[in-house]
Amino acid sequence: MPIADPVAAATALYEARRTGSPIEPLTDAHPGLGMADGYAVQEHLVRMLLEDGETIAGYKVGLTSRPMQKMVGVDSPDYGPVLASTVHASGAEVRMATFIQPRVEAEIVFVMGDRLAGVSVADASRATSGVAAAMEIIDSRIAGWRIKLADTVADLASNGAVVISSRIVPLAGLDTRLIGMMLTRNGELADTGAGAAALGDPLAVVAWLANTLGEHGIALEPGHLVMTGSMHAAVPMAAGDVFRAEFDRLGPVTVRVADGQ
């Protein structure tokens, strides 16, 4: 049975974003909620944010690693929009007060050069301008990260912000599966990863997203960003932290974390 009132659920998440006060999991009150219910809520939440003047700069894809899929009990990724107001250049300072319970993930981001909808991996490669080093700050408007699949989908796939290098590397001769990454927090090693963590091939993530969006009449547009999923376990973020992710072939991306508004 579909969710009875997706607008009410979307409104609760909208208020949580506005006030910084998390809500209890939607699935506590409605244990039977599934992925379709989550997207129904997400659609209404996105509409509210666009009415506030937000724009969509691209999309993030989550649950692209097999361990994460097993943890949530699914065999497919999820997605949510990347809001333009949440995109930062490498070296930016972000404020803890703008998040609720943030964590950092290093990811490969694709920048679209052509419109893309309903494609193969080869089509995705041809439509891409290039790739760049990136970090996603994931955040949850659900208290204590007590999320199930419908909760995270409804909550824009737990997106908080993204930080992206200005260096866009052409795909020609580049196998993104083999791109290695080292993440440090305040100069100390936090984790490592490789591009193949994302569905076995980050390009496959772009193709999956284009096909999934295409089923709903949505296309990836030129200039859109595609965040392809974490290469490692998410790392908690605190005021005063400096994160730096060094990517093979792509170079570094950094973000500083400050307190306050």
# chains A, B, ... in the order shown; residues from 1 in each chain; ligands from 1
$ closest_atom_pairs --of "segment 194-251 of chain A" --to "segment 128-151 of chain A" --cutoff "12 Å" --atoms "only C-alpha atoms" --output "JSON lines"
{"residue": "A:Gly195", "atom": "CA", "partner": "A:Ala133", "partner_atom": "CA", "distance": 11.0}
{"residue": "A:Pro202", "atom": "CA", "partner": "A:Val131", "partner_atom": "CA", "distance": 10.1}
{"residue": "A:Leu203", "atom": "CA", "partner": "A:Thr128", "partner_atom": "CA", "distance": 9.4}
{"residue": "A:Val206", "atom": "CA", "partner": "A:Thr128", "partner_atom": "CA", "distance": 9.2}
{"residue": "A:Ala207", "atom": "CA", "partner": "A:Thr128", "partner_atom": "CA", "distance": 10.7}
{"residue": "A:Ala210", "atom": "CA", "partner": "A:Thr128", "partner_atom": "CA", "distance": 11.9}
{"residue": "A:Leu220", "atom": "CA", "partner": "A:Thr128", "partner_atom": "CA", "distance": 10.3}
{"residue": "A:Glu221", "atom": "CA", "partner": "A:Thr128", "partner_atom": "CA", "distance": 10.3}
{"residue": "A:Pro222", "atom": "CA", "partner": "A:Thr128", "partner_atom": "CA", "distance": 8.6}
{"residue": "A:Gly223", "atom": "CA", "partner": "A:Ser129", "partner_atom": "CA", "distance": 8.4}
{"residue": "A:His224", "atom": "CA", "partner": "A:Thr128", "partner_atom": "CA", "distance": 9.7}
{"residue": "A:Leu225", "atom": "CA", "partner": "A:Val131", "partner_atom": "CA", "distance": 9.4}
{"residue": "A:Val226", "atom": "CA", "partner": "A:Val131", "partner_atom": "CA", "distance": 9.3}
{"residue": "A:Met227", "atom": "CA", "partner": "A:Glu136", "partner_atom": "CA", "distance": 7.9}
{"residue": "A:Thr228", "atom": "CA", "partner": "A:Ala134", "partner_atom": "CA", "distance": 9.8}
{"residue": "A:Gly229", "atom": "CA", "partner": "A:Glu136", "partner_atom": "CA", "distance": 8.6}
{"residue": "A:Ser230", "atom": "CA", "partner": "A:Glu136", "partner_atom": "CA", "distance": 8.1}
{"residue": "A:Met231", "atom": "CA", "partner": "A:Met135", "partner_atom": "CA", "distance": 10.1}
{"residue": "A:His232", "atom": "CA", "partner": "A:Met135", "partner_atom": "CA", "distance": 11.3}
{"residue": "A:Ala233", "atom": "CA", "partner": "A:Ile138", "partner_atom": "CA", "distance": 11.5}
{"residue": "A:Ala234", "atom": "CA", "partner": "A:Ile138", "partner_atom": "CA", "distance": 8.2}
{"residue": "A:Val235", "atom": "CA", "partner": "A:Ile137", "partner_atom": "CA", "distance": 9.4}
{"residue": "A:Pro236", "atom": "CA", "partner": "A:Ile137", "partner_atom": "CA", "distance": 9.4}
{"residue": "A:Met237", "atom": "CA", "partner": "A:Ile137", "partner_atom": "CA", "distance": 8.5}
{"residue": "A:Ala238", "atom": "CA", "partner": "A:Ile137", "partner_atom": "CA", "distance": 11.5}
{"residue": "A:Phe243", "atom": "CA", "partner": "A:Met135", "partner_atom": "CA", "distance": 9.0}
{"residue": "A:Arg244", "atom": "CA", "partner": "A:Met135", "partner_atom": "CA", "distance": 8.9}
{"residue": "A:Ala245", "atom": "CA", "partner": "A:Met135", "partner_atom": "CA", "distance": 7.6}
{"residue": "A:Glu246", "atom": "CA", "partner": "A:Ala133", "partner_atom": "CA", "distance": 7.9}
{"residue": "A:Phe247", "atom": "CA", "partner": "A:Ala133", "partner_atom": "CA", "distance": 6.4}
{"residue": "A:Asp248", "atom": "CA", "partner": "A:Ala133", "partner_atom": "CA", "distance": 9.2}
{"residue": "A:Arg249", "atom": "CA", "partner": "A:Ala133", "partner_atom": "CA", "distance": 9.2}
{"residue": "A:Leu250", "atom": "CA", "partner": "A:Ala133", "partner_atom": "CA", "distance": 5.7}
{"residue": "A:Gly251", "atom": "CA", "partner": "A:Ala133", "partner_atom": "CA", "distance": 6.6}
$ write_last_selection --atoms "N, CA and C atoms" --output "CSV table (one decimal), in the first residue's frame"
chain,number,residue,atom,x,y,z
A,195,GLY,N,37.7,3.5,-7.4
A,195,GLY,CA,36.5,3.8,-8.2
A,195,GLY,C,35.6,2.6,-8.3
A,202,PRO,N,32.2,3.4,-12.0
A,202,PRO,CA,31.5,4.7,-11.8
A,202,PRO,C,30.7,5.1,-13.1
A,203,LEU,N,31.2,4.7,-14.3
A,203,LEU,CA,30.4,5.0,-15.5
A,203,LEU,C,29.1,4.2,-15.5
A,206,VAL,N,26.5,6.3,-13.8
A,206,VAL,CA,25.9,7.4,-14.6
A,206,VAL,C,24.8,6.8,-15.5
A,207,ALA,N,25.1,5.6,-16.1
A,207,ALA,CA,24.2,5.0,-17.0
A,207,ALA,C,22.9,4.6,-16.3
A,210,ALA,N,20.8,7.7,-15.6
A,210,ALA,CA,20.2,8.2,-16.8
A,210,ALA,C,19.0,7.3,-17.1
A,220,LEU,N,19.4,13.8,-17.8
A,220,LEU,CA,20.6,14.5,-17.3
A,220,LEU,C,20.9,15.6,-18.3
A,221,GLU,N,21.2,16.8,-17.9
A,221,GLU,CA,21.4,17.9,-18.8
A,221,GLU,C,22.8,18.3,-18.8
A,222,PRO,N,23.3,19.0,-19.9
A,222,PRO,CA,24.7,19.5,-20.0
A,222,PRO,C,25.0,20.4,-18.7
A,223,GLY,N,26.1,20.1,-18.1
A,223,GLY,CA,26.5,20.8,-16.9
A,223,GLY,C,26.1,20.1,-15.6
A,224,HIS,N,25.2,19.2,-15.7
A,224,HIS,CA,24.7,18.5,-14.5
A,224,HIS,C,25.9,17.7,-13.9
A,225,LEU,N,25.9,17.6,-12.6
A,225,LEU,CA,26.9,16.8,-11.8
A,225,LEU,C,26.3,15.5,-11.5
A,226,VAL,N,27.1,14.4,-11.5
A,226,VAL,CA,26.6,13.1,-11.1
A,226,VAL,C,27.6,12.6,-10.1
A,227,MET,N,27.2,12.6,-8.8
A,227,MET,CA,28.0,12.0,-7.7
A,227,MET,C,27.8,10.5,-7.7
A,228,THR,N,28.8,9.7,-7.9
A,228,THR,CA,28.7,8.3,-8.1
A,228,THR,C,28.7,7.4,-6.9
A,229,GLY,N,28.8,7.9,-5.7
A,229,GLY,CA,28.7,7.1,-4.6
A,229,GLY,C,30.1,7.0,-3.8
A,230,SER,N,30.0,6.7,-2.6
A,230,SER,CA,31.2,6.7,-1.7
A,230,SER,C,32.2,5.6,-2.1
A,231,MET,N,33.4,5.9,-2.0
A,231,MET,CA,34.5,4.9,-2.2
A,231,MET,C,35.0,4.2,-0.9
A,232,HIS,N,34.3,4.6,0.2
A,232,HIS,CA,34.8,4.1,1.6
A,232,HIS,C,33.6,4.3,2.5
A,233,ALA,N,33.9,3.9,3.8
A,233,ALA,CA,32.9,4.2,4.8
A,233,ALA,C,32.8,5.7,5.2
A,234,ALA,N,31.6,6.2,5.4
A,234,ALA,CA,31.5,7.6,5.8
A,234,ALA,C,32.2,7.9,7.1
A,235,VAL,N,32.8,9.1,7.1
A,235,VAL,CA,33.6,9.6,8.2
A,235,VAL,C,32.9,10.8,8.9
A,236,PRO,N,32.7,10.7,10.2
A,236,PRO,CA,32.0,11.8,10.9
A,236,PRO,C,32.8,13.1,10.8
A,237,MET,N,32.0,14.2,10.8
A,237,MET,CA,32.6,15.5,10.6
A,237,MET,C,32.3,16.4,11.8
A,238,ALA,N,33.3,17.2,12.2
A,238,ALA,CA,33.2,18.1,13.3
A,238,ALA,C,33.8,19.4,13.1
A,243,PHE,N,39.4,18.2,5.8
A,243,PHE,CA,39.4,17.0,5.0
A,243,PHE,C,40.1,17.2,3.7
A,244,ARG,N,40.9,16.2,3.3
A,244,ARG,CA,41.6,16.3,2.0
A,244,ARG,C,41.5,14.9,1.4
A,245,ALA,N,41.0,14.8,0.2
A,245,ALA,CA,41.0,13.5,-0.5
A,245,ALA,C,41.9,13.7,-1.7
A,246,GLU,N,42.9,12.8,-1.8
A,246,GLU,CA,43.8,12.7,-2.9
A,246,GLU,C,43.4,11.6,-3.9
A,247,PHE,N,43.1,12.0,-5.1
A,247,PHE,CA,42.7,11.0,-6.1
A,247,PHE,C,43.8,10.8,-7.1
A,248,ASP,N,44.1,9.5,-7.5
A,248,ASP,CA,45.0,9.2,-8.6
A,248,ASP,C,44.4,9.8,-9.9
A,249,ARG,N,45.2,10.5,-10.6
A,249,ARG,CA,44.9,11.1,-11.9
A,249,ARG,C,43.9,12.3,-11.8
A,250,LEU,N,43.2,12.4,-10.7
A,250,LEU,CA,42.2,13.6,-10.6
A,250,LEU,C,42.8,14.7,-9.7
A,251,GLY,N,43.7,14.4,-8.8
A,251,GLY,CA,44.2,15.4,-7.9
A,251,GLY,C,43.4,15.5,-6.6
$ residues_around --residues "Ala172 of chain A" --least-positions-apart "3" --cutoff "10 Å" --atoms "only C-alpha atoms" --output "PDB file with C-alpha atoms, in the first residue's frame"
ATOM      1  CA  SER A 125      30.957   7.860 -21.587  1.00  0.00           C
ATOM      2  CA  ARG A 126      30.357   9.824 -24.801  1.00  0.00           C
ATOM      3  CA  GLY A 130      34.955  14.640 -17.762  1.00  0.00           C
ATOM      4  CA  VAL A 169      39.793  15.486 -16.367  1.00  0.00           C
ATOM      5  CA  ASP A 175      39.595   3.903 -16.435  1.00  0.00           C
TER       6      ASP A 175
END
$ atom_distance --atom1 "atom CA of Trp208 of chain A" --atom2 "atom CA of Leu174 of chain A"
19.7 Å
$ atom_distance --atom1 "atom CA of Leu13 of chain A" --atom2 "atom CA of Ile164 of chain A"
26.1 Å
$ atom_distance --atom1 "atom CA of Arg95 of chain A" --atom2 "atom CA of Asp259 of chain A"
5.4 Å
$ closest_residue --among "A:Ala92, A:Val104, A:Leu213, A:Val242" --to "Val119 of chain A" --atoms "only C-alpha atoms"
A:Leu213
$ select_by_dssp --residues "segment 117-221 of chain A" --states "helix (DSSP H, G or I)" --output "count of residues only"
38
$ select_by_dssp --residues "segment 4-231 of chain A" --states "strand (DSSP E)" --output "number ranges by chain"
A: 56-62, 78-83, 87-89, 92-95, 103-112, 128-138, 159-164, 180-185, 188-194, 225-227
$ closest_atom_pairs --of "segment 98-210 of chain A" --to "segment 73-87 of chain A" --cutoff "7 Å" --atoms "only C-alpha atoms" --output "tab-separated table"
residue	atom	partner	partner_atom	distance
A:Val153	CA	A:Asp78	CA	6.6
A:Leu156	CA	A:Gly80	CA	4.6
A:Ala157	CA	A:Gly80	CA	5.1
A:Ala161	CA	A:Thr86	CA	4.6
A:Val162	CA	A:Val87	CA	5.0
A:Val163	CA	A:Val87	CA	6.0
$ write_last_selection --atoms "N, CA and C atoms" --output "PDB file, in the first residue's frame"
ATOM      1  N   VAL A 153      15.614   7.630   1.000  1.00  0.00           N
ATOM      2  CA  VAL A 153      15.140   8.075  -0.314  1.00  0.00           C
ATOM      3  C   VAL A 153      14.310   9.337  -0.175  1.00  0.00           C
ATOM      4  N   LEU A 156      16.046  13.022   0.256  1.00  0.00           N
ATOM      5  CA  LEU A 156      16.976  13.377  -0.826  1.00  0.00           C
ATOM      6  C   LEU A 156      18.231  12.510  -0.805  1.00  0.00           C
ATOM      7  N   ALA A 157      18.025  11.210  -0.494  1.00  0.00           N
ATOM      8  CA  ALA A 157      19.134  10.257  -0.438  1.00  0.00           C
ATOM      9  C   ALA A 157      20.207  10.714   0.546  1.00  0.00           C
ATOM     10  N   ALA A 161      25.670  18.262   1.163  1.00  0.00           N
ATOM     11  CA  ALA A 161      26.407  19.214   0.330  1.00  0.00           C
ATOM     12  C   ALA A 161      27.456  18.442  -0.455  1.00  0.00           C
ATOM     13  N   VAL A 162      28.043  19.093  -1.454  1.00  0.00           N
ATOM     14  CA  VAL A 162      29.134  18.499  -2.206  1.00  0.00           C
ATOM     15  C   VAL A 162      30.250  19.520  -2.364  1.00  0.00           C
ATOM     16  N   VAL A 163      31.474  19.032  -2.411  1.00  0.00           N
ATOM     17  CA  VAL A 163      32.662  19.862  -2.617  1.00  0.00           C
ATOM     18  C   VAL A 163      33.405  19.278  -3.806  1.00  0.00           C
TER      19      VAL A 163
END
$ closest_residue --among "A:Tyr39, A:Arg115, A:Phe110, A:Ser158" --to "Leu63 of chain A" --atoms "only C-alpha atoms"
A:Ser158
$ closest_residue --among "A:Ala197, A:Ile100, A:Ala4, A:Leu171" --to "Gly62 of chain A" --atoms "only C-alpha atoms"
A:Ala197
$ decode --residues "segment 143-235 of chain A" --atoms "C-alpha atoms" --output "mmCIF file, in the first residue's frame"
data_model
loop_
_atom_site.group_PDB
_atom_site.id
_atom_site.type_symbol
_atom_site.label_atom_id
_atom_site.label_comp_id
_atom_site.auth_asym_id
_atom_site.auth_seq_id
_atom_site.Cartn_x
_atom_site.Cartn_y
_atom_site.Cartn_z
ATOM 1 C CA ALA A 143 17.146 11.396 14.151
ATOM 2 C CA GLY A 144 20.254 9.386 14.928
ATOM 3 C CA TRP A 145 20.685 8.137 11.351
ATOM 4 C CA ARG A 146 18.044 5.514 12.175
ATOM 5 C CA ILE A 147 17.185 5.182 8.523
ATOM 6 C CA LYS A 148 15.626 2.479 6.438
ATOM 7 C CA LEU A 149 15.424 2.622 2.654
ATOM 8 C CA ALA A 150 12.243 4.712 2.431
ATOM 9 C CA ASP A 151 13.620 7.207 4.966
ATOM 10 C CA THR A 152 16.834 7.939 3.104
ATOM 11 C CA VAL A 153 15.140 8.075 -0.314
ATOM 12 C CA ALA A 154 12.539 10.523 0.974
ATOM 13 C CA ASP A 155 15.300 12.647 2.535
ATOM 14 C CA LEU A 156 16.976 13.377 -0.826
ATOM 15 C CA ALA A 157 19.134 10.257 -0.438
ATOM 16 C CA SER A 158 20.651 11.823 2.704
ATOM 17 C CA ASN A 159 22.407 14.543 0.717
ATOM 18 C CA GLY A 160 23.854 17.506 2.586
ATOM 19 C CA ALA A 161 26.407 19.214 0.330
ATOM 20 C CA VAL A 162 29.134 18.499 -2.206
ATOM 21 C CA VAL A 163 32.662 19.862 -2.617
ATOM 22 C CA ILE A 164 34.201 19.606 -6.074
ATOM 23 C CA SER A 165 37.636 20.223 -7.564
ATOM 24 C CA SER A 166 37.871 22.786 -10.368
ATOM 25 C CA ARG A 167 40.023 20.387 -12.391
ATOM 26 C CA ILE A 168 37.889 18.422 -14.874
ATOM 27 C CA VAL A 169 39.793 15.486 -16.367
ATOM 28 C CA PRO A 170 38.720 14.112 -19.787
ATOM 29 C CA LEU A 171 37.632 10.487 -19.849
ATOM 30 C CA ALA A 172 39.820 9.569 -22.825
ATOM 31 C CA GLY A 173 42.296 6.930 -21.699
ATOM 32 C CA LEU A 174 40.994 7.020 -18.117
ATOM 33 C CA ASP A 175 39.595 3.903 -16.435
ATOM 34 C CA THR A 176 37.612 5.301 -13.518
ATOM 35 C CA ARG A 177 37.350 1.838 -11.955
ATOM 36 C CA LEU A 178 41.056 1.982 -11.177
ATOM 37 C CA ILE A 179 41.196 5.456 -9.648
ATOM 38 C CA GLY A 180 42.569 5.159 -6.134
ATOM 39 C CA MET A 181 41.828 7.619 -3.335
ATOM 40 C CA MET A 182 43.308 8.463 0.084
ATOM 41 C CA LEU A 183 41.213 10.507 2.530
ATOM 42 C CA THR A 184 42.816 12.367 5.423
ATOM 43 C CA ARG A 185 41.173 14.150 8.336
ATOM 44 C CA ASN A 186 43.371 16.801 9.963
ATOM 45 C CA GLY A 187 46.392 15.282 8.256
ATOM 46 C CA GLU A 188 45.749 11.750 9.506
ATOM 47 C CA LEU A 189 44.675 8.888 7.279
ATOM 48 C CA ALA A 190 40.932 8.322 7.558
ATOM 49 C CA ASP A 191 40.320 5.795 4.764
ATOM 50 C CA THR A 192 41.202 4.685 1.261
ATOM 51 C CA GLY A 193 39.137 3.524 -1.683
ATOM 52 C CA ALA A 194 38.907 2.897 -5.415
ATOM 53 C CA GLY A 195 36.472 3.824 -8.151
ATOM 54 C CA ALA A 196 35.341 0.225 -8.569
ATOM 55 C CA ALA A 197 33.533 0.500 -5.201
ATOM 56 C CA ALA A 198 30.705 2.251 -7.090
ATOM 57 C CA LEU A 199 28.727 -0.516 -8.824
ATOM 58 C CA GLY A 200 32.008 -1.945 -10.043
ATOM 59 C CA ASP A 201 32.380 0.984 -12.459
ATOM 60 C CA PRO A 202 31.485 4.658 -11.837
ATOM 61 C CA LEU A 203 30.392 4.970 -15.482
ATOM 62 C CA ALA A 204 27.810 2.280 -14.799
ATOM 63 C CA VAL A 205 26.423 4.570 -12.094
ATOM 64 C CA VAL A 206 25.922 7.372 -14.641
ATOM 65 C CA ALA A 207 24.164 4.974 -17.034
ATOM 66 C CA TRP A 208 21.973 3.593 -14.224
ATOM 67 C CA LEU A 209 20.958 7.105 -13.204
ATOM 68 C CA ALA A 210 20.179 8.208 -16.770
ATOM 69 C CA ASN A 211 18.025 5.138 -17.343
ATOM 70 C CA THR A 212 16.234 5.459 -14.008
ATOM 71 C CA LEU A 213 15.515 9.170 -14.482
ATOM 72 C CA GLY A 214 14.457 8.474 -18.061
ATOM 73 C CA GLU A 215 11.673 6.223 -16.789
ATOM 74 C CA HIS A 216 10.220 9.337 -15.144
ATOM 75 C CA GLY A 217 10.698 11.613 -18.144
ATOM 76 C CA ILE A 218 13.774 13.313 -16.665
ATOM 77 C CA ALA A 219 17.132 13.684 -18.421
ATOM 78 C CA LEU A 220 20.626 14.522 -17.297
ATOM 79 C CA GLU A 221 21.363 17.911 -18.835
ATOM 80 C CA PRO A 222 24.653 19.505 -19.963
ATOM 81 C CA GLY A 223 26.516 20.792 -16.914
ATOM 82 C CA HIS A 224 24.747 18.462 -14.508
ATOM 83 C CA LEU A 225 26.904 16.837 -11.846
ATOM 84 C CA VAL A 226 26.608 13.122 -11.093
ATOM 85 C CA MET A 227 27.986 12.041 -7.720
ATOM 86 C CA THR A 228 28.686 8.330 -8.145
ATOM 87 C CA GLY A 229 28.743 7.091 -4.556
ATOM 88 C CA SER A 230 31.188 6.682 -1.730
ATOM 89 C CA MET A 231 34.503 4.887 -2.192
ATOM 90 C CA HIS A 232 34.756 4.093 1.554
ATOM 91 C CA ALA A 233 32.865 4.173 4.835
ATOM 92 C CA ALA A 234 31.487 7.608 5.768
ATOM 93 C CA VAL A 235 33.631 9.600 8.220
#
